$ cat final.cif   # mmCIF, C-alpha atoms
data_run
loop_
_atom_site.label_atom_id
_atom_site.label_comp_id
_atom_site.auth_asym_id
_atom_site.auth_seq_id
_atom_site.Cartn_x
_atom_site.Cartn_y
_atom_site.Cartn_z
CA MET A 18 19.21 -187.97 50.48
CA GLN A 19 18.32 -184.88 48.46
CA ARG A 20 20.82 -183.50 45.97
CA ARG A 21 21.43 -180.45 48.14
CA THR A 22 22.16 -182.59 51.18
CA PHE A 23 24.32 -184.86 49.11
CA ASN A 24 26.32 -181.89 47.92
CA LYS A 25 26.79 -180.86 51.54
CA VAL A 26 28.19 -184.29 52.33
CA LEU A 27 30.44 -184.14 49.30
CA GLY A 28 31.58 -180.65 50.23
CA SER A 29 32.21 -181.87 53.75
CA GLY A 30 34.39 -184.63 52.39
CA LEU A 31 36.49 -182.12 50.47
CA LEU A 32 36.83 -179.93 53.53
CA VAL A 33 37.82 -182.92 55.62
CA ALA A 34 40.48 -183.83 53.09
CA ALA A 35 41.88 -180.36 53.57
CA SER A 36 41.59 -180.43 57.33
CA PRO A 37 40.98 -183.76 59.10
CA SER A 38 40.09 -181.97 62.32
CA LEU A 39 36.80 -180.96 60.69
CA ILE A 40 35.68 -184.57 60.48
CA LYS A 41 33.79 -184.61 63.73
CA GLY A 42 31.64 -181.65 62.90
CA LEU A 43 31.04 -182.15 59.23
CA LEU A 44 31.25 -185.76 58.36
CA PHE A 45 28.89 -188.22 59.91
CA ALA A 46 31.40 -190.31 61.81
CA ASN A 47 33.66 -188.79 64.39
CA ASP A 48 36.87 -190.26 63.03
CA GLY A 49 35.93 -190.48 59.38
CA THR A 50 36.10 -194.27 59.25
CA LEU A 51 32.38 -194.83 59.13
CA PHE A 52 31.67 -193.09 55.89
CA ALA A 53 32.94 -194.04 52.45
CA SER A 54 31.85 -192.62 49.14
CA TYR A 55 31.86 -194.77 46.03
CA GLU A 56 31.01 -194.22 42.39
CA ARG A 57 27.43 -193.06 42.11
CA ALA A 58 25.21 -195.82 40.71
CA LEU A 59 21.70 -195.42 39.35
CA LEU A 60 19.21 -197.94 40.68
CA VAL A 61 17.57 -199.64 37.72
CA ASP A 62 14.97 -202.35 37.36
CA GLU A 63 15.47 -205.71 35.62
CA LYS A 64 14.86 -204.02 32.25
CA GLY A 65 17.51 -201.41 32.90
CA GLU A 66 14.97 -198.63 33.44
CA PRO A 67 15.46 -196.28 36.38
CA VAL A 68 13.73 -197.38 39.55
CA ARG A 69 10.88 -194.97 40.28
CA LEU A 70 10.35 -194.56 43.99
CA GLY A 71 6.67 -193.96 43.39
CA ALA A 72 6.39 -197.38 41.77
CA LEU A 73 7.99 -199.30 44.64
CA THR A 74 5.66 -201.44 46.70
CA THR A 75 5.54 -200.32 50.31
CA GLU A 76 7.15 -202.71 52.83
CA VAL A 77 8.44 -205.07 50.15
CA PRO A 78 12.21 -205.57 50.39
CA TYR A 79 14.13 -204.97 47.16
CA VAL A 80 17.70 -206.09 46.59
CA PHE A 81 20.47 -204.31 44.75
CA HIS A 82 24.23 -204.68 44.96
CA TYR A 83 26.47 -201.87 46.14
CA PRO A 84 29.26 -200.82 46.38
CA HIS A 85 30.64 -204.16 45.18
CA ILE A 86 28.88 -206.34 42.64
CA ALA A 87 28.62 -209.05 45.31
CA THR A 88 27.52 -207.01 48.34
CA PRO A 89 23.72 -207.08 48.61
CA CYS A 90 21.64 -204.21 49.97
CA PHE A 91 18.00 -203.75 50.82
CA LEU A 92 15.89 -200.94 49.42
CA ILE A 93 12.69 -200.52 51.42
CA LYS A 94 9.81 -198.10 51.08
CA LEU A 95 8.40 -197.68 54.55
CA PRO A 96 4.79 -196.72 55.33
CA GLU A 97 5.74 -193.54 57.15
CA PRO A 98 8.06 -190.58 56.46
CA LEU A 99 11.44 -190.62 58.21
CA LYS A 100 12.46 -187.01 58.57
CA GLN A 101 14.39 -187.20 61.79
CA GLU A 102 18.12 -187.65 61.97
CA VAL A 103 19.09 -190.57 64.16
CA ALA A 104 22.34 -190.72 66.11
CA LEU A 105 23.80 -194.19 65.90
CA LYS A 106 26.69 -195.78 67.72
CA SER A 107 28.96 -198.55 66.55
CA SER A 108 29.97 -201.38 68.86
CA SER A 109 33.39 -199.77 69.20
CA GLY A 110 31.85 -196.50 70.38
CA GLU A 111 31.99 -194.36 67.24
CA THR A 112 28.94 -192.24 66.63
CA TYR A 113 27.39 -191.10 63.39
CA LEU A 114 24.22 -189.50 62.12
CA TRP A 115 21.75 -191.25 59.89
CA LYS A 116 19.79 -188.75 57.87
CA GLY A 117 16.45 -190.51 57.42
CA GLY A 118 14.52 -191.49 54.31
CA VAL A 119 14.68 -190.12 50.78
CA GLY A 120 12.06 -189.46 48.12
CA LYS A 121 9.14 -187.09 48.07
CA GLU A 122 7.72 -188.71 51.15
CA LYS A 123 11.09 -189.29 52.84
CA ASN A 124 10.21 -192.93 53.35
CA VAL A 125 12.69 -194.83 51.20
CA VAL A 126 15.74 -196.27 52.92
CA ALA A 127 18.61 -198.54 51.96
CA PHE A 128 20.87 -200.68 54.10
CA SER A 129 23.49 -203.29 53.58
CA ALA A 130 21.76 -206.69 53.64
CA ILE A 131 24.79 -208.27 55.32
CA CYS A 132 23.92 -208.93 58.94
CA SER A 133 26.34 -207.19 61.27
CA HIS A 134 26.44 -210.24 63.55
CA ALA A 135 27.44 -213.30 61.52
CA LEU A 136 27.25 -211.81 58.01
CA THR A 137 24.14 -213.63 56.89
CA HIS A 138 23.04 -212.20 53.56
CA PRO A 139 20.71 -212.91 50.64
CA ASN A 140 22.10 -215.02 47.82
CA PRO A 141 20.39 -216.57 44.83
CA GLU A 142 19.78 -219.84 46.70
CA ASP A 143 18.24 -218.51 49.90
CA SER A 144 17.93 -215.57 52.23
CA PHE A 145 17.80 -215.84 56.00
CA ILE A 146 17.54 -212.07 56.23
CA THR A 147 14.51 -210.05 55.17
CA TYR A 148 12.22 -207.21 56.10
CA VAL A 149 9.18 -208.19 58.15
CA PRO A 150 6.26 -205.78 57.48
CA LYS A 151 4.57 -203.87 60.28
CA GLY A 152 1.77 -206.36 60.73
CA GLY A 153 4.09 -209.36 60.45
CA GLN A 154 5.39 -211.66 63.14
CA THR A 155 8.89 -212.78 63.97
CA MET A 156 10.59 -214.82 66.68
CA ALA A 157 13.31 -212.19 66.84
CA TYR A 158 11.26 -209.22 67.99
CA ASP A 159 7.89 -208.45 69.53
CA LYS A 160 6.60 -206.61 66.46
CA GLY A 161 7.07 -206.30 62.73
CA GLY A 162 8.44 -203.36 60.79
CA VAL A 163 11.99 -204.63 61.28
CA VAL A 164 14.72 -206.28 59.26
CA VAL A 165 15.17 -209.75 60.74
CA CYS A 166 18.14 -212.03 60.42
CA SER A 167 16.78 -215.50 61.09
CA SER A 168 20.21 -217.12 61.42
CA HIS A 169 20.63 -216.03 65.03
CA LEU A 170 17.46 -213.94 65.37
CA SER A 171 18.74 -210.39 65.28
CA ALA A 172 16.39 -207.53 64.43
CA PHE A 173 17.15 -204.07 63.06
CA ASP A 174 14.81 -201.09 62.99
CA PRO A 175 14.88 -199.36 59.60
CA LYS A 176 13.10 -196.33 61.08
CA GLN A 177 16.11 -195.83 63.32
CA GLY A 178 18.81 -196.25 60.72
CA ALA A 179 18.77 -200.06 61.06
CA LYS A 180 19.84 -199.89 64.67
CA SER A 181 20.04 -203.32 66.28
CA VAL A 182 16.97 -203.77 68.48
CA ALA A 183 17.14 -207.50 69.27
CA GLY A 184 19.53 -210.41 69.16
CA GLU A 185 23.28 -210.68 69.19
CA ALA A 186 24.07 -208.05 66.57
CA LYS A 187 25.86 -205.13 68.18
CA ASP A 188 26.24 -202.84 65.18
CA PRO A 189 23.48 -201.33 63.07
CA LEU A 190 23.31 -202.50 59.47
CA ALA A 191 25.45 -200.19 57.37
CA SER A 192 23.37 -197.53 55.62
CA ILE A 193 23.60 -197.01 51.91
CA VAL A 194 23.61 -193.30 51.14
CA LEU A 195 20.92 -192.56 48.57
CA GLU A 196 20.80 -189.48 46.41
CA TYR A 197 17.34 -188.67 45.07
CA ASP A 198 16.86 -186.76 41.83
CA GLU A 199 13.38 -185.44 42.44
CA ALA A 200 12.96 -183.80 39.03
CA ASN A 201 13.48 -187.10 37.24
CA ASP A 202 12.36 -189.45 40.00
CA LYS A 203 15.65 -191.32 39.91
CA VAL A 204 17.61 -192.64 42.83
CA TYR A 205 21.33 -193.24 43.10
CA ALA A 206 23.50 -195.03 45.63
CA SER A 207 26.59 -193.03 46.39
CA GLY A 208 28.19 -194.16 49.63
CA VAL A 209 28.16 -196.32 52.72
CA LEU A 210 27.61 -194.96 56.19
CA GLY A 211 28.22 -196.97 59.35
CA VAL A 212 30.02 -200.21 60.08
CA GLU A 213 30.35 -202.03 56.80
CA MET A 214 31.33 -205.68 57.00
CA PHE A 215 32.66 -206.04 53.46
CA HIS A 216 36.19 -207.07 54.37
CA GLN A 217 35.02 -209.90 56.62
CA TYR A 218 32.31 -210.84 54.13
CA PHE A 219 34.79 -211.28 51.30
CA ARG A 220 37.14 -213.23 53.56
CA ILE A 221 34.56 -215.60 55.03
CA PHE A 222 32.56 -216.29 51.89
CA ARG A 223 35.39 -216.43 49.37
CA PRO A 224 34.78 -220.08 48.36
CA GLN A 225 31.08 -219.41 47.79
CA LEU A 226 31.73 -216.10 46.00
CA ALA A 227 34.44 -217.66 43.85
CA ASP A 228 31.93 -220.26 42.80
CA ARG A 229 29.27 -217.68 41.99
CA PHE A 230 31.46 -215.04 40.32
CA GLN A 231 34.16 -217.27 38.76
CA SER A 232 36.72 -215.84 41.19
CA ALA A 233 36.71 -214.17 44.59
CA ARG A 234 38.56 -211.23 43.04
CA LYS A 235 35.78 -210.64 40.51
CA ALA A 236 33.24 -210.54 43.34
CA ARG A 237 35.08 -207.52 44.74
CA GLN A 238 34.54 -205.43 41.61
CA LEU A 239 32.92 -202.12 42.34
CA VAL A 240 29.53 -201.29 40.89
CA LYS A 241 29.74 -198.81 38.05
CA VAL A 242 27.05 -196.64 36.45
CA SER A 243 23.99 -198.63 37.54
CA THR A 244 22.85 -201.51 39.71
CA ALA A 245 19.92 -203.83 39.09
CA THR A 246 17.19 -203.71 41.71
CA VAL A 247 14.66 -206.52 42.11
CA THR A 248 12.40 -207.75 44.86
CA LEU A 249 14.02 -210.10 47.34
CA SER A 250 11.58 -212.81 46.32
CA ALA A 251 12.71 -212.44 42.70
CA PHE A 252 16.37 -212.44 43.68
CA THR A 253 16.38 -215.56 45.84
CA LYS A 254 14.75 -218.98 45.58
CA GLU A 255 13.74 -219.16 49.21
CA ILE A 256 13.20 -216.60 51.96
CA ILE A 257 13.55 -218.16 55.39
CA GLN A 258 12.02 -216.04 58.12
CA TYR A 259 11.27 -216.98 61.68
CA MET B 30 6.97 -243.62 38.69
CA ILE B 31 4.43 -242.87 41.42
CA THR B 32 5.39 -246.08 43.21
CA LEU B 33 9.05 -245.09 43.08
CA ALA B 34 8.27 -241.63 44.46
CA LEU B 35 6.19 -243.14 47.27
CA ALA B 36 8.96 -245.61 48.06
CA MET B 37 11.47 -242.77 48.28
CA ILE B 38 9.23 -240.73 50.55
CA LEU B 39 8.63 -243.77 52.77
CA SER B 40 12.31 -244.59 52.88
CA THR B 41 13.20 -241.01 53.86
CA ALA B 42 10.53 -240.99 56.53
CA LEU B 43 11.73 -244.30 57.93
CA SER B 44 15.36 -243.24 57.97
CA ALA B 45 14.39 -240.05 59.84
CA ALA B 46 12.34 -242.02 62.32
CA GLN B 47 15.17 -244.47 62.84
CA TYR B 48 17.75 -241.79 63.50
CA THR B 49 18.01 -242.05 67.24
CA LYS B 50 19.50 -239.71 69.80
CA LYS B 51 22.33 -242.21 70.27
CA GLU B 52 23.12 -242.07 66.56
CA ARG B 53 23.00 -238.30 66.58
CA LEU B 54 25.44 -238.13 69.47
CA GLU B 55 27.70 -240.59 67.67
CA ASP B 56 27.61 -238.43 64.56
CA MET B 57 28.42 -235.31 66.55
CA ARG B 58 31.30 -237.18 68.22
CA ALA B 59 32.46 -238.32 64.79
CA MET B 60 32.52 -234.69 63.66
CA THR B 61 34.66 -233.74 66.65
CA ASN B 62 37.07 -236.62 65.95
CA ALA B 63 37.20 -235.69 62.27
CA LEU B 64 38.13 -232.13 63.18
CA GLY B 65 40.86 -233.53 65.41
CA HIS B 66 42.30 -235.50 62.49
CA MET B 67 42.24 -232.45 60.27
CA GLN B 68 43.99 -230.39 62.92
CA LYS B 69 46.77 -232.97 63.23
CA THR B 70 47.74 -232.19 59.67
CA LEU B 71 47.74 -228.47 60.33
CA VAL B 72 50.13 -228.83 63.27
CA GLY B 73 52.41 -231.13 61.32
CA GLN B 74 51.72 -234.37 63.17
CA CYS B 75 50.25 -236.34 60.28
CA LYS B 76 50.35 -235.42 56.60
CA THR B 77 47.42 -237.54 55.48
CA CYS B 78 45.09 -237.15 58.47
CA LEU B 79 43.42 -234.18 56.77
CA TYR B 80 42.00 -236.44 54.07
CA LYS B 81 40.74 -238.98 56.58
CA GLY B 82 39.23 -236.22 58.72
CA ALA B 83 37.60 -234.48 55.76
CA GLU B 84 36.01 -237.72 54.62
CA GLU B 85 34.75 -238.54 58.11
CA LEU B 86 33.42 -235.03 58.63
CA VAL B 87 31.39 -235.02 55.43
CA LEU B 88 30.05 -238.47 56.25
CA ALA B 89 29.00 -237.42 59.74
CA LEU B 90 27.17 -234.41 58.34
CA ARG B 91 24.35 -236.79 57.51
CA ALA B 92 23.17 -235.75 60.97
CA LEU B 93 22.33 -232.39 59.47
CA ASP B 94 21.62 -232.83 55.81
CA SER B 95 20.21 -236.26 55.04
CA VAL B 96 18.03 -236.76 58.09
CA ASP B 97 15.02 -234.63 58.82
CA VAL B 98 16.66 -232.25 61.27
CA GLU B 99 13.31 -230.84 62.28
CA ASP B 100 12.41 -234.18 63.83
CA TYR B 101 15.18 -234.27 66.40
CA LEU B 102 15.81 -230.63 67.20
CA PRO B 103 14.51 -229.45 70.55
CA LYS B 104 10.90 -228.36 70.15
CA GLU B 105 11.67 -224.68 70.69
CA GLN B 106 14.41 -224.85 68.08
CA ALA B 107 12.64 -226.95 65.47
CA SER B 108 12.36 -223.89 63.26
CA ALA B 109 16.15 -223.78 63.01
CA HIS B 110 16.26 -226.90 60.86
CA LYS B 111 16.88 -224.97 57.65
CA PHE B 112 19.68 -223.10 59.33
CA ALA B 113 21.26 -226.39 60.44
CA THR B 114 20.96 -227.78 56.92
CA LYS B 115 22.55 -224.67 55.48
CA THR B 116 25.36 -224.96 58.03
CA ALA B 117 26.05 -228.51 56.84
CA LYS B 118 26.28 -227.25 53.28
CA SER B 119 28.73 -224.51 54.31
CA ILE B 120 30.90 -226.99 56.22
CA LYS B 121 31.16 -229.11 53.09
CA VAL B 122 32.18 -226.07 51.04
CA TYR B 123 34.89 -225.10 53.55
CA THR B 124 36.12 -228.69 53.90
CA LYS B 125 36.53 -229.00 50.14
CA ALA B 126 38.30 -225.63 50.03
CA MET B 127 40.59 -226.66 52.88
CA VAL B 128 41.69 -229.86 51.16
CA LYS B 129 42.24 -227.98 47.90
CA ALA B 130 44.33 -225.32 49.65
CA TYR B 131 46.41 -227.99 51.41
CA ASP B 132 46.98 -229.84 48.14
CA GLU B 133 48.15 -226.58 46.60
CA LYS B 134 50.48 -226.07 49.59
CA ASP B 135 48.59 -222.90 50.53
CA TYR B 136 48.77 -223.69 54.24
CA PHE B 137 47.54 -220.38 55.56
CA GLU B 138 44.45 -220.70 53.37
CA ALA B 139 43.94 -224.25 54.67
CA ILE B 140 44.21 -223.04 58.27
CA ASP B 141 41.77 -220.24 57.53
CA MET B 142 39.26 -222.68 56.05
CA TYR B 143 39.62 -224.89 59.13
CA GLY B 144 38.76 -221.87 61.27
CA LEU B 145 35.69 -221.22 59.12
CA ILE B 146 34.56 -224.83 59.62
CA LEU B 147 34.79 -224.37 63.40
CA ASN B 148 32.99 -221.08 63.03
CA GLN B 149 30.09 -222.86 61.32
CA CYS B 150 29.92 -225.48 64.08
CA ALA B 151 29.83 -222.78 66.76
CA SER B 152 27.33 -220.68 64.82
CA CYS B 153 24.88 -223.59 64.65
CA HIS B 154 25.37 -224.50 68.30
CA MET B 155 24.74 -220.89 69.25
CA ARG B 156 21.39 -221.05 67.53
CA VAL B 157 20.29 -224.60 68.23
CA ARG B 158 21.75 -225.05 71.69
CA ASP B 159 21.09 -221.49 72.78
CA TRP B 160 24.70 -220.88 73.76
CA ASN B 161 23.91 -217.21 74.05
CA LYS B 162 21.41 -217.71 76.84
#
$ encode --input "final.cif" --output "structure tokens"
Amino acid sequence: MQRRTFNKVLGSGLLVAASPSLIKGLLFANDGTLFASYERALLVDEKGEPVRLGALTTEVPYVFHYPHIATPCFLIKLPEPLKQEVALKSSSGETYLWKGGVGKEKNVVAFSAICSHALTHPNPEDSFITYVPKGGQTMAYDKGGVVVCSSHLSAFDPKQGAKSVAGEAKDPLASIVLEYDEANDKVYASGVLGVEMFHQYFRIFRPQLADRFQSARKARQLVKVSTATVTLSAFTKEIIQY
Amino acid sequence: MITLALAMILSTALSAAQYTKKERLEDMRAMTNALGHMQKTLVGQCKTCLYKGAEELVLALRALDSVDVEDYLPKEQASAHKFATKTAKSIKVYTKAMVKAYDEKDYFEAIDMYGLILNQCASCHMRVRDWNK
């Protein structure tokens, strides 16, 4: 998302606060429940340097955590620009607009890496969810270029806002709102759009998260200032993809 | 050292080969019975059944984590073996958490963990047994 567009969203939020009836027209979701803004966090690499979109490898999934320190997200640079808005619908019928890619070429996207079906997600031990490049093969879908959850074989199309295109998942993956600072080639995460599964995630995985973060409460801490971004293969020991 | 490694590989291979369908069904049945024991505690019928059930459940999980799952899964689902193994690991985590919660008299937490164990069972059956089709 460009700064100007981001400011529009922010302005919309302020207007909505003043008059909730404006939600439908100005905010992405028609009842305001499918958009949440969080503290803006700069995406940085393992050395703490800002992630440069130009330096990202195309079709390689990167992982960062947002808006909580334990909620993983994918950052993907796709091979083609994504300039079109896409209207998405949640399983409960709410609609919202996904604004496409960011960056000079409008081809960088970010989504929650928590599957909207059974909450499969990457963790340091393994990842049953990943992005399958365009030329790749998967049991879940008839072509690559999709995010595949190999737990129950759901597929999501990142070109369409991570809409579910195969499998049992009914909701798209939640989108992470990116704000791109073109002058400095920096990218920030600033919100979540769509059906986020964080509440269920923290409930279902609390023993595992407590083990990894010392306590389940600590795992819920919100990301502040910056968030480390690494390739999925660097983040996890094993990527399982069918 | 090499001999020991070879012996271990051979032993694992033999145990996988010897794990018959009958044994697998017995293990699955043992898991169901174990869950029944654990539930008896939750509904107040038997205070110590949870411990017995938890022990039996973890033991029966050998069907998923100490035998080569790939060998006995249906051919079209053989690729799901890592998922089945991960499920076994999750069931152990939730079983341990359930017992801990019960010991701490946090009964709602124990009930919740029991639900998550069932959820894992169903999740694996959905994938391996194609419940969705």
$ closest_residue --input "final.cif" --among "A:Val242, A:Val80, A:Ile221, A:Ile256" --to "Gly144 of chain B" --atoms "only C-alpha atoms"
A:Ile221
$ atom_distance --input "final.cif" --atom1 "atom CA of Ser144 of chain A" --atom2 "atom CA of Asp174 of chain A"
18.3 Å
$ residues_around --input "final.cif" --residues "Leu95 of chain A" --least-positions-apart "5" --cutoff "9 Å" --atoms "only C-alpha atoms" --output "number ranges by chain"
A: 75-77, 118, 123-126, 150, 162, 175-176
$ write_last_selection --input "final.cif" --atoms "C-alpha atoms" --output "mmCIF file, keeping the file's coordinate frame"
data_model
loop_
_atom_site.group_PDB
_atom_site.id
_atom_site.type_symbol
_atom_site.label_atom_id
_atom_site.label_comp_id
_atom_site.auth_asym_id
_atom_site.auth_seq_id
_atom_site.Cartn_x
_atom_site.Cartn_y
_atom_site.Cartn_z
ATOM 1 C CA THR A 75 5.540 -200.320 50.310
ATOM 2 C CA GLU A 76 7.150 -202.710 52.830
ATOM 3 C CA VAL A 77 8.440 -205.070 50.150
ATOM 4 C CA GLY A 118 14.520 -191.490 54.310
ATOM 5 C CA LYS A 123 11.090 -189.290 52.840
ATOM 6 C CA ASN A 124 10.210 -192.930 53.350
ATOM 7 C CA VAL A 125 12.690 -194.830 51.200
ATOM 8 C CA VAL A 126 15.740 -196.270 52.920
ATOM 9 C CA PRO A 150 6.260 -205.780 57.480
ATOM 10 C CA GLY A 162 8.440 -203.360 60.790
ATOM 11 C CA PRO A 175 14.880 -199.360 59.600
ATOM 12 C CA LYS A 176 13.100 -196.330 61.080
#
$ closest_residue --input "final.cif" --among "A:Ala130, A:Leu170, A:Val212, A:Leu190" --to "chain B" --atoms "only C-alpha atoms"
A:Leu170
$ closest_atom_pairs --input "final.cif" --of "chain A" --to "chain B" --cutoff "10 Å" --atoms "all atoms listed in the file" --output "Markdown table"
| residue | atom | partner | partner_atom | distance |
| --- | --- | --- | --- | --- |
| A:Ala135 | CA | B:Ser152 | CA | 8.1 |
| A:Asp143 | CA | B:Lys115 | CA | 9.4 |
| A:Phe145 | CA | B:Phe112 | CA | 8.2 |
| A:Met156 | CA | B:Ser108 | CA | 9.9 |
| A:Ser167 | CA | B:Phe112 | CA | 8.3 |
| A:Ser168 | CA | B:Phe112 | CA | 6.4 |
| A:His169 | CA | B:Arg156 | CA | 5.7 |
| A:Leu170 | CA | B:Arg156 | CA | 8.4 |
| A:Gly184 | CA | B:Asn161 | CA | 9.5 |
| A:Glu185 | CA | B:Asn161 | CA | 8.2 |
| A:Arg220 | CA | B:Asp141 | CA | 9.3 |
| A:Ile221 | CA | B:Leu145 | CA | 7.0 |
| A:Phe222 | CA | B:Tyr123 | CA | 9.3 |
| A:Arg223 | CA | B:Tyr123 | CA | 9.6 |
| A:Pro224 | CA | B:Ala126 | CA | 6.8 |
| A:Gln225 | CA | B:Val122 | CA | 7.5 |
| A:Ile257 | CA | B:Lys111 | CA | 7.9 |
| A:Gln258 | CA | B:Ser108 | CA | 9.4 |
| A:Tyr259 | CA | B:Ser108 | CA | 7.2 |
$ resolve_selection --input "final.cif" --expression "the PyMOL selection byres ((chain B and resi 65) around 12)" --output "ChimeraX atom specification"
/B:58-64,66-72,74-75,78-83,85-86,143,147
$ resolve_selection --input "final.cif" --expression "the PyMOL selection byres ((chain A and resi 58-69) around 10)" --output "PyMOL selection string"
chain A and resi 55-57+70-73+81-84+92+120+195-197+201-208+240-248
$ atom_distance --input "final.cif" --atom1 "atom CA of Pro98 of chain A" --atom2 "atom CA of Glu111 of chain A"
26.5 Å
$ residues_around --input "final.cif" --residues "Arg234 of chain A" --least-positions-apart "6" --cutoff "10 Å" --atoms "only C-alpha atoms" --output "list of chain:residue names"
A:Phe219, A:Arg223, A:Leu226, A:Ala227
$ closest_residue --input "final.cif" --among "A:Gln177, A:Thr137, A:Ile146, A:Thr155" --to "Leu99 of chain A" --atoms "all atoms listed in the file"
A:Gln177
$ closest_residue --input "final.cif" --among "B:Lys51, B:Lys118, B:Lys129, B:Lys76" --to "Cys150 of chain B" --atoms "all atoms listed in the file"
B:Lys118
$ atom_distance --input "final.cif" --atom1 "atom CA of Pro189 of chain A" --atom2 "atom CA of Ile131 of chain A"
10.5 Å
$ build_atoms --input "final.cif" --residues "segment 187-198 of chain A" --atoms "N, CA and C atoms" --output "PDB file, in the frame of the given file"
ATOM      1  N   LYS A 187      25.532-206.327  67.377  1.00  0.00           N
ATOM      2  CA  LYS A 187      25.860-205.130  68.180  1.00  0.00           C
ATOM      3  C   LYS A 187      25.829-203.862  67.317  1.00  0.00           C
ATOM      4  N   ASP A 188      26.182-204.007  66.065  1.00  0.00           N
ATOM      5  CA  ASP A 188      26.240-202.840  65.180  1.00  0.00           C
ATOM      6  C   ASP A 188      24.945-202.712  64.371  1.00  0.00           C
ATOM      7  N   PRO A 189      24.592-201.478  64.017  1.00  0.00           N
ATOM      8  CA  PRO A 189      23.480-201.330  63.070  1.00  0.00           C
ATOM      9  C   PRO A 189      23.906-201.908  61.721  1.00  0.00           C
ATOM     10  N   LEU A 190      22.948-202.183  60.854  1.00  0.00           N
ATOM     11  CA  LEU A 190      23.310-202.500  59.470  1.00  0.00           C
ATOM     12  C   LEU A 190      23.906-201.227  58.866  1.00  0.00           C
ATOM     13  N   ALA A 191      24.889-201.380  58.017  1.00  0.00           N
ATOM     14  CA  ALA A 191      25.450-200.190  57.370  1.00  0.00           C
ATOM     15  C   ALA A 191      24.388-199.558  56.471  1.00  0.00           C
ATOM     16  N   SER A 192      24.345-198.235  56.471  1.00  0.00           N
ATOM     17  CA  SER A 192      23.370-197.530  55.620  1.00  0.00           C
ATOM     18  C   SER A 192      23.976-197.275  54.246  1.00  0.00           C
ATOM     19  N   ILE A 193      23.162-197.394  53.252  1.00  0.00           N
ATOM     20  CA  ILE A 193      23.600-197.010  51.910  1.00  0.00           C
ATOM     21  C   ILE A 193      23.091-195.589  51.673  1.00  0.00           C
ATOM     22  N   VAL A 194      23.999-194.693  51.358  1.00  0.00           N
ATOM     23  CA  VAL A 194      23.610-193.300  51.140  1.00  0.00           C
ATOM     24  C   VAL A 194      22.921-193.202  49.774  1.00  0.00           C
ATOM     25  N   LEU A 195      21.695-192.716  49.805  1.00  0.00           N
ATOM     26  CA  LEU A 195      20.920-192.560  48.570  1.00  0.00           C
ATOM     27  C   LEU A 195      20.842-191.092  48.184  1.00  0.00           C
ATOM     28  N   GLU A 196      20.940-190.841  46.927  1.00  0.00           N
ATOM     29  CA  GLU A 196      20.800-189.480  46.410  1.00  0.00           C
ATOM     30  C   GLU A 196      19.558-189.500  45.516  1.00  0.00           C
ATOM     31  N   TYR A 197      18.592-188.662  45.828  1.00  0.00           N
ATOM     32  CA  TYR A 197      17.340-188.670  45.070  1.00  0.00           C
ATOM     33  C   TYR A 197      17.260-187.486  44.113  1.00  0.00           C
ATOM     34  N   ASP A 198      17.035-187.787  42.857  1.00  0.00           N
ATOM     35  CA  ASP A 198      16.860-186.760  41.830  1.00  0.00           C
ATOM     36  C   ASP A 198      15.350-186.583  41.667  1.00  0.00           C
TER      37      ASP A 198
END
